[in-house]
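Participant: Quick one: the structure is below, and I'll ask about it shortly.
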Amino acid sequence: MPSIRKILFGLLAILTVVIVVGAGWLWQVAGVYGFNTVLRRGGTYWTDMKPDDDRLSASMRLALSPVIPAVLPGPLVWQEPEPGFEVAELPVLADGREVDRIFLSRVDPARFRFVTHSAAAGDKGIDEWEKALPNAVLIVNGSYFDKHGRPDTPFISEGIAMGPQQYDARAGAFTADKDTADIRDLSHQDWQTAFAGASNAMVSYPLLIGDDGQTHVNVKSRWLANRTFVAKDDLGRVVIGTTKEAFFSLDRLAEFLKTSPLNLKVALNLDGGPVACRSVRLNGYRQKFYARWESQADGNTVSLLRWPISEANWAMPMVLTVERK
């Protein structure tokens, strides 16, 4: 019995050391955000598979096939739950069959204001953001964040500057003040100039459609994910979209938006993947979407992003929100 007790104490001591060392490593790598990631969804990992694996969605398998079919927009019908705020869903069709769907909001900056928020601790997913921001009529994910959940690009939230102050931005920026909202093409101005006077702003990439009306994604890829974008149409309205599936690579999304019936003048990609969640709440209209897809392909191998607690939704360290003025 004493020997068994010693073995048990020894194993407990080893386990304690492993936990302490692991916790220390996690703190060094990702801080509070890392701990909340483990608590929220058990961590994150990539797993490899073939392009026709059933663990991928049907839309992803189609997008990874040797010949990707051309897609066309389906019927687009706008609703206006409140003056200045419209909603719609745009089907994406291949050979008459829906392969994706884009959830859309079209907002008049004269009636609504735009706010960027950050929660670096990683303790807020779409559900928690709804509780924290009861006056937000729209919540979507924002730009990119680092391993500690902090803004990875220049960022302003209600007048407070965050993120790197030295940053070579060549894509685009979303900017807003109390009266206006805009998307700036940074190919011909620096982000500091674009941010001047803005109370809420963020640099992001890539610019899907530039001021010249052309797509600015020149690299073709097989990176698939749920996507979020913010755009401005020909009447100055802000259009915010989220894809239901992960059919689009960024280059194909840019081409689709350019020829879509949305009449976009400029469009900026935001972060994507499982963080691309969405909430709309106003005047009896409700929509909540939980994203889940991201994969990268190399030859005949596809790496799919997974997490152990499959029913958990992701934290959103950066969000873009719309509020009534």
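By convention in this document, the chains of the structure tokens carry letters A, B, ... by their order, each chain's residues are numbered from 1, and ligands are numbered from 1 in the order they are shown.
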Extract, using only C-alpha atoms, all DNA, RNA and protein residues at most 10 Å from Asp185 of chain A, discarding same-chain residues fewer than 4 positions from it, and format them as a PyMOL selection string.

Facilitator: chain A and resi 169-174+189-191+194+207+209-212+266-268

Participant: Using only C-alpha atoms, determine which residues lie at most 7 Å from Val275 of chain A, disregarding the query and same-chain residues fewer than 3 positions distant; provide the list as a PyMOL selection string.

Facilitator: chain A and resi 141+272+291+314-316

Participant: Just checking: using only C-alpha atoms, which residue out of A:Lys220, A:Arg97, A:Arg324, A:His117 ends up closest to Ala136 of chain A?

Facilitator: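 Comparing A:Lys220, A:Arg97, A:Arg324, A:His117 against Ala136 of chain A, the winner is A:Arg324.
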
Participant: I want to know what sits within 8 Å of Pro164 of chain A, based on only C-alpha atoms, with residues of the same chain fewer than 6 positions away left out; could you give that as a PyMOL selection string?

Facilitator: chain A and resi 151-154

Participant: Smallest atom-to-atom distance to Leu138 of chain A: which of A:Leu257, A:Leu39, A:Ala94, A:Val107, using only C-alpha atoms?

Facilitator: A:Val107

Participant: Among segment 59-280 of chain A, which residues carry a DSSP assignment of strand (DSSP E or B), reported as an MDAnalysis selection string?

Facilitator: chainID A and resid 72:73 79:82 85:94 97:107 112:118 136:141 145 151 155:157 160:162 172:176 181:185 200:204 207:209 215 224:225 228:233 238:243 264:269 278:280

Participant: Can you pull out every residue within 7 Å of segment 61-75 of chain A, counting only C-alpha atoms, but drop anything in the same chain fewer than 4 positions away, and send it as a ChimeraX atom specification?

Facilitator: /A:51-52,56-57,90-94,247,260

Participant: Here is a test: counting only C-alpha atoms, which residue of A:Arg227, A:Arg222, A:Arg184, A:Lys325 is nearest to Ala110 of chain A?

Facilitator: A:Lys325

Participant: As a ChimeraX atom specification, list the residues of segment 30-104 of chain A assigned to helix (DSSP H, G or I) by DSSP on the backbone atoms of this structure.

Facilitator: /A:30-41,58-63

Participant: Quick one: write out the picked residues with C-alpha atoms as an mmCIF file, in the first residue's frame?

Facilitator:
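Below is the file out19.cif, written as the result:
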```cif
data_model
loop_
_atom_site.group_PDB
_atom_site.id
_atom_site.type_symbol
_atom_site.label_atom_id
_atom_site.label_comp_id
_atom_site.auth_asym_id
_atom_site.auth_seq_id
_atom_site.Cartn_x
_atom_site.Cartn_y
_atom_site.Cartn_z
ATOM 1 C CA ALA A 30 -1.691 33.885 -25.918
ATOM 2 C CA GLY A 31 -2.373 35.370 -22.466
ATOM 3 C CA VAL A 32 -5.970 35.612 -21.243
ATOM 4 C CA TYR A 33 -7.235 35.111 -24.790
ATOM 5 C CA GLY A 34 -5.536 31.697 -24.906
ATOM 6 C CA PHE A 35 -7.102 30.563 -21.617
ATOM 7 C CA ASN A 36 -10.550 31.658 -22.755
ATOM 8 C CA THR A 37 -10.028 29.840 -26.056
ATOM 9 C CA VAL A 38 -9.391 26.589 -24.181
ATOM 10 C CA LEU A 39 -12.311 27.148 -21.795
ATOM 11 C CA ARG A 40 -14.682 28.182 -24.571
ATOM 12 C CA ARG A 41 -14.083 25.528 -27.219
ATOM 13 C CA ALA A 58 -20.944 20.235 -49.878
ATOM 14 C CA SER A 59 -20.152 23.801 -50.962
ATOM 15 C CA MET A 60 -16.520 23.437 -49.937
ATOM 16 C CA ARG A 61 -16.158 20.125 -51.749
ATOM 17 C CA LEU A 62 -17.542 21.765 -54.876
ATOM 18 C CA ALA A 63 -15.146 24.710 -54.544
#
```

Participant: Tell me, as JSON, numbers by chain, which residues lie within 12 Å of Ala119 of chain A, counting only C-alpha atoms; anything in the same chain fewer than 2 positions away does not count.

Facilitator: {"A": [32, 33, 36, 116, 117, 121, 122, 123, 124, 125, 126, 128, 129, 132, 141, 142, 145, 148, 149, 150, 151, 157, 162, 315, 316, 317, 318, 319, 320]}

Participant: Those same residues - N, CA and C atoms - I'd like them written as an mmCIF file, in the first residue's frame.

Facilitator:
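Saved to part_22.cif:
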```
data_model
loop_
_atom_site.group_PDB
_atom_site.id
_atom_site.type_symbol
_atom_site.label_atom_id
_atom_site.label_comp_id
_atom_site.auth_asym_id
_atom_site.auth_seq_id
_atom_site.Cartn_x
_atom_site.Cartn_y
_atom_site.Cartn_z
ATOM 1 N N VAL A 32 -4.590 35.904 -21.647
ATOM 2 C CA VAL A 32 -5.970 35.612 -21.243
ATOM 3 C C VAL A 32 -6.770 35.060 -22.408
ATOM 4 N N TYR A 33 -6.513 35.589 -23.615
ATOM 5 C CA TYR A 33 -7.235 35.111 -24.790
ATOM 6 C C TYR A 33 -7.039 33.611 -24.971
ATOM 7 N N ASN A 36 -9.134 31.643 -22.406
ATOM 8 C CA ASN A 36 -10.550 31.658 -22.755
ATOM 9 C C ASN A 36 -10.842 30.810 -23.988
ATOM 10 N N THR A 116 -16.794 50.464 -33.827
ATOM 11 C CA THR A 116 -15.910 49.302 -33.745
ATOM 12 C C THR A 116 -15.595 49.035 -32.275
ATOM 13 N N HIS A 117 -15.577 47.773 -31.901
ATOM 14 C CA HIS A 117 -15.308 47.382 -30.515
ATOM 15 C C HIS A 117 -14.235 46.295 -30.479
ATOM 16 N N ALA A 121 -9.791 39.869 -24.407
ATOM 17 C CA ALA A 121 -9.767 38.715 -23.501
ATOM 18 C C ALA A 121 -10.349 37.462 -24.150
ATOM 19 N N GLY A 122 -11.062 37.618 -25.257
ATOM 20 C CA GLY A 122 -11.635 36.451 -25.921
ATOM 21 C C GLY A 122 -12.813 35.853 -25.179
ATOM 22 N N ASP A 123 -13.524 36.679 -24.420
ATOM 23 C CA ASP A 123 -14.655 36.195 -23.629
ATOM 24 C C ASP A 123 -15.999 36.570 -24.227
ATOM 25 N N LYS A 124 -16.001 37.097 -25.463
ATOM 26 C CA LYS A 124 -17.262 37.520 -26.073
ATOM 27 C C LYS A 124 -17.420 36.899 -27.459
ATOM 28 N N GLY A 125 -18.392 35.994 -27.585
ATOM 29 C CA GLY A 125 -18.854 35.546 -28.883
ATOM 30 C C GLY A 125 -20.077 36.350 -29.256
ATOM 31 N N ILE A 126 -20.789 35.931 -30.283
ATOM 32 C CA ILE A 126 -21.940 36.712 -30.737
ATOM 33 C C ILE A 126 -23.009 36.813 -29.651
ATOM 34 N N GLU A 128 -22.530 36.826 -26.308
ATOM 35 C CA GLU A 128 -22.086 37.765 -25.273
ATOM 36 C C GLU A 128 -22.081 39.206 -25.786
ATOM 37 N N TRP A 129 -21.741 39.401 -27.066
ATOM 38 C CA TRP A 129 -21.778 40.754 -27.617
ATOM 39 C C TRP A 129 -23.209 41.290 -27.635
ATOM 40 N N ALA A 132 -23.836 42.473 -24.179
ATOM 41 C CA ALA A 132 -23.031 43.638 -23.827
ATOM 42 C C ALA A 132 -23.458 44.889 -24.577
ATOM 43 N N ASN A 141 -18.292 40.430 -37.188
ATOM 44 C CA ASN A 141 -16.877 40.461 -36.823
ATOM 45 C C ASN A 141 -16.165 41.599 -37.542
ATOM 46 N N GLY A 142 -15.056 42.032 -36.945
ATOM 47 C CA GLY A 142 -14.285 43.119 -37.524
ATOM 48 C C GLY A 142 -13.028 42.626 -38.214
ATOM 49 N N PHE A 145 -6.945 40.027 -35.614
ATOM 50 C CA PHE A 145 -6.412 40.136 -34.253
ATOM 51 C C PHE A 145 -5.213 39.211 -34.102
ATOM 52 N N HIS A 148 -2.950 37.254 -28.899
ATOM 53 C CA HIS A 148 -3.476 37.691 -27.607
ATOM 54 C C HIS A 148 -4.862 38.328 -27.741
ATOM 55 N N GLY A 149 -5.461 38.245 -28.935
ATOM 56 C CA GLY A 149 -6.785 38.819 -29.145
ATOM 57 C C GLY A 149 -6.789 40.324 -29.359
ATOM 58 N N ARG A 150 -5.611 40.942 -29.484
ATOM 59 C CA ARG A 150 -5.521 42.387 -29.657
ATOM 60 C C ARG A 150 -5.587 42.755 -31.133
ATOM 61 N N PRO A 151 -6.013 43.979 -31.460
ATOM 62 C CA PRO A 151 -6.057 44.382 -32.866
ATOM 63 C C PRO A 151 -4.700 44.200 -33.541
ATOM 64 N N SER A 157 -11.561 52.762 -31.582
ATOM 65 C CA SER A 157 -12.868 52.456 -31.015
ATOM 66 C C SER A 157 -13.319 53.612 -30.147
ATOM 67 N N MET A 162 -5.976 51.897 -30.974
ATOM 68 C CA MET A 162 -5.451 50.597 -30.566
ATOM 69 C C MET A 162 -4.650 50.026 -31.729
ATOM 70 N N ALA A 315 -15.172 33.077 -29.986
ATOM 71 C CA ALA A 315 -15.079 34.449 -29.491
ATOM 72 C C ALA A 315 -14.774 35.370 -30.666
ATOM 73 N N MET A 316 -15.237 36.608 -30.560
ATOM 74 C CA MET A 316 -15.029 37.624 -31.594
ATOM 75 C C MET A 316 -14.302 38.801 -30.957
ATOM 76 N N PRO A 317 -12.979 38.812 -30.974
ATOM 77 C CA PRO A 317 -12.231 39.898 -30.326
ATOM 78 C C PRO A 317 -12.469 41.268 -30.941
ATOM 79 N N MET A 318 -12.884 41.301 -32.219
ATOM 80 C CA MET A 318 -13.118 42.564 -32.903
ATOM 81 C C MET A 318 -14.497 42.515 -33.558
ATOM 82 N N VAL A 319 -15.298 43.537 -33.346
ATOM 83 C CA VAL A 319 -16.600 43.580 -34.005
ATOM 84 C C VAL A 319 -16.884 44.963 -34.566
ATOM 85 N N LEU A 320 -17.698 44.955 -35.603
ATOM 86 C CA LEU A 320 -18.247 46.177 -36.181
ATOM 87 C C LEU A 320 -19.739 46.167 -35.884
#
```

Participant: Between A:Ser221, A:Asn226, A:Thr193, A:Thr47, single out the one closest to Leu270 of chain A, counting only C-alpha atoms.

Facilitator: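 Going through A:Ser221, A:Asn226, A:Thr193, A:Thr47 one by one, the smallest distance to Leu270 of chain A is for A:Asn226.
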
Participant: Fewer than 4 positions away in the same chain doesn't count, so skip those; otherwise give me all residues within 9 Å of Glu323 of chain A, counting only C-alpha atoms, as a tab-separated table (two decimals) with C-alpha atoms, in the first residue's frame.

Facilitator:
```tsv
chain	number	residue	atom	x	y	z
A	112	PHE	CA	-27.36	55.06	-38.16
A	113	ARG	CA	-23.88	55.22	-36.68
A	114	PHE	CA	-21.08	52.66	-36.93
A	115	VAL	CA	-18.93	51.61	-33.98
A	135	ASN	CA	-28.50	48.97	-28.49
A	136	ALA	CA	-26.58	47.47	-31.41
A	137	VAL	CA	-28.95	46.60	-34.25
A	138	LEU	CA	-26.18	44.86	-36.21
```

Participant: Near Ala176 of chain A, within 6 Å and counting only C-alpha atoms, which residues show up once chain neighbours fewer than 4 positions away are dropped, as a list of chain:residue names?

Facilitator: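 What passes the distance filter is A:Thr180, A:Ala181, A:Ala198, A:Asn200.
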
Participant: When distances are computed from only C-alpha atoms, which of A:Pro134, A:Gly284, A:Gly241, A:Gly159 shows the smallest separation from Pro81 of chain A?

Facilitator: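 Counting only C-alpha atoms, the residue closest to Pro81 of chain A is A:Gly284.
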
Participant: Between A:Gln79, A:Gln192, A:Thr215, A:Thr242, which has the minimum distance to Thr228 of chain A (counting only C-alpha atoms)?

Facilitator: A:Thr242
